[in-house]
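J.: I'd like to ask you about the structure that follows.
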Amino acid sequence: MELTRIAGPIRLDAADDDDPPQCSSGDCPTVFVTERGTLAVQGYVVEHETPDGEAVVEIPVALLTEALRALGR
């Protein structure tokens, strides 16, 4: 699957800022768009039972706002 970054990376502790600082380590929450037109989200794993092949991740709200802007919405 090909992933194209459209938002992030953003530090979780910067989620309340109007202009969140970028993550210098590169392993912070990020939103990608796939070649199928779906979104893939990198975030911090949350302990929550899910079906096989799925996971729940935590990301800053500001990251979704940035992703929506990148998609023109």
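Order determines the names: the first chain of the structure tokens is A, the second B, and so forth; residues in each chain are numbered 1 upward, and ligands are numbered 1 upward as they are shown.
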Quick one: residues within 7 Å of Val57 of chain A, only C-alpha atoms, excluding same-chain residues fewer than 5 positions away - as a JSON list (two decimals) with N, CA and C atoms, in the first residue's frame?

T.:
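Output contents, as saved in selection07.json:
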[["chain", "number", "residue", "atom", "x", "y", "z"],
["A", 43, "GLY", "N", -0.65, 6.70, 15.07],
["A", 43, "GLY", "CA", -0.85, 7.32, 16.36],
["A", 43, "GLY", "C", -0.30, 6.44, 17.47],
["A", 44, "TYR", "N", -0.64, 6.80, 18.68],
["A", 44, "TYR", "CA", -0.20, 6.06, 19.85],
["A", 44, "TYR", "C", -1.23, 4.98, 20.17],
["A", 45, "VAL", "N", -0.79, 3.75, 20.32],
["A", 45, "VAL", "CA", -1.69, 2.63, 20.56],
["A", 45, "VAL", "C", -2.44, 2.82, 21.87],
["A", 46, "VAL", "N", -3.74, 2.60, 21.81],
["A", 46, "VAL", "CA", -4.62, 2.68, 22.98],
["A", 46, "VAL", "C", -5.03, 1.25, 23.33]]

J.: Among chain A, which residues carry a DSSP assignment of helix (DSSP H, G or I), reported as a ChimeraX atom specification?

T.: /A:12-14,61-70

J.: With only C-alpha atoms as the basis for distance, which of A:Val33, A:Arg73, A:Pro9, A:Thr38 is at the shortest distance from Pro60 of chain A?

T.: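 That would be A:Pro9, the residue with the smallest distance to Pro60 of chain A.
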
J.: Taking into account only C-alpha atoms, which residue in the set A:Asp52, A:Glu58, A:Glu47, A:Glu66 is nearest to Cys28 of chain A?

T.: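 Using only C-alpha atoms, Cys28 of chain A sits closest to A:Glu58.
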
J.: Restricting the calculation to only C-alpha atoms: of A:Ala40, A:Cys23, A:Leu68, A:Val61, which residue gets closest to Leu3 of chain A?

T.: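 Among the listed residues, the smallest separation from Leu3 of chain A belongs to A:Ala40.
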
J.: Env of Leu39 of chain A: 12 Å cut, atoms = only C-alpha atoms, seq-sep filter 4 positions within chain, self excluded. Answer as a VMD selection string.

T.: chain A and resid 1 to 7 30 to 35 64 67 to 68 71

J.: Quick one: write out the picked residues with C-alpha atoms as a PDB file, in the first residue's frame?

T.:
ATOM      1  CA  MET A   1       0.000   0.000   0.000  1.00  0.00           C
ATOM      2  CA  GLU A   2       1.355   3.394  -0.971  1.00  0.00           C
ATOM      3  CA  LEU A   3       1.011   6.108   1.715  1.00  0.00           C
ATOM      4  CA  THR A   4       1.300   9.839   1.040  1.00  0.00           C
ATOM      5  CA  ARG A   5       1.614  12.084   4.102  1.00  0.00           C
ATOM      6  CA  ILE A   6      -1.018  14.832   4.174  1.00  0.00           C
ATOM      7  CA  ALA A   7      -0.830  15.950   7.821  1.00  0.00           C
ATOM      8  CA  THR A  30       0.536  11.443  11.132  1.00  0.00           C
ATOM      9  CA  VAL A  31      -2.294  11.143   8.581  1.00  0.00           C
ATOM     10  CA  PHE A  32      -1.673   9.561   5.181  1.00  0.00           C
ATOM     11  CA  VAL A  33      -3.861   9.151   2.098  1.00  0.00           C
ATOM     12  CA  THR A  34      -3.675   5.858   0.212  1.00  0.00           C
ATOM     13  CA  GLU A  35      -3.826   5.193  -3.516  1.00  0.00           C
ATOM     14  CA  LEU A  64      -7.440  15.855  11.827  1.00  0.00           C
ATOM     15  CA  ALA A  67      -5.710  16.641   7.282  1.00  0.00           C
ATOM     16  CA  LEU A  68      -9.101  18.130   6.387  1.00  0.00           C
ATOM     17  CA  LEU A  71      -8.018  17.542   1.491  1.00  0.00           C
TER      18      LEU A  71
END

J.: Tell me, in Å to one decimal, how far atom CA of Arg36 of chain A is from atom CA of Ile10 of chain A.

T.: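 Atom-to-atom, atom CA of Arg36 of chain A and atom CA of Ile10 of chain A are spaced 24.2 Å apart.
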
J.: One decimal, in Å: what's the spacing between atom CA of Gly53 of chain A and atom CA of Ala70 of chain A?

T.: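 Computing the Euclidean distance for atom CA of Gly53 of chain A and atom CA of Ala70 of chain A yields 27.5 Å.
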
J.: Please, what distance in Å, to one decimal, runs between atom CA of Arg11 of chain A and atom CA of Asp27 of chain A?

T.: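 Those two atoms sit 8.8 Å apart.
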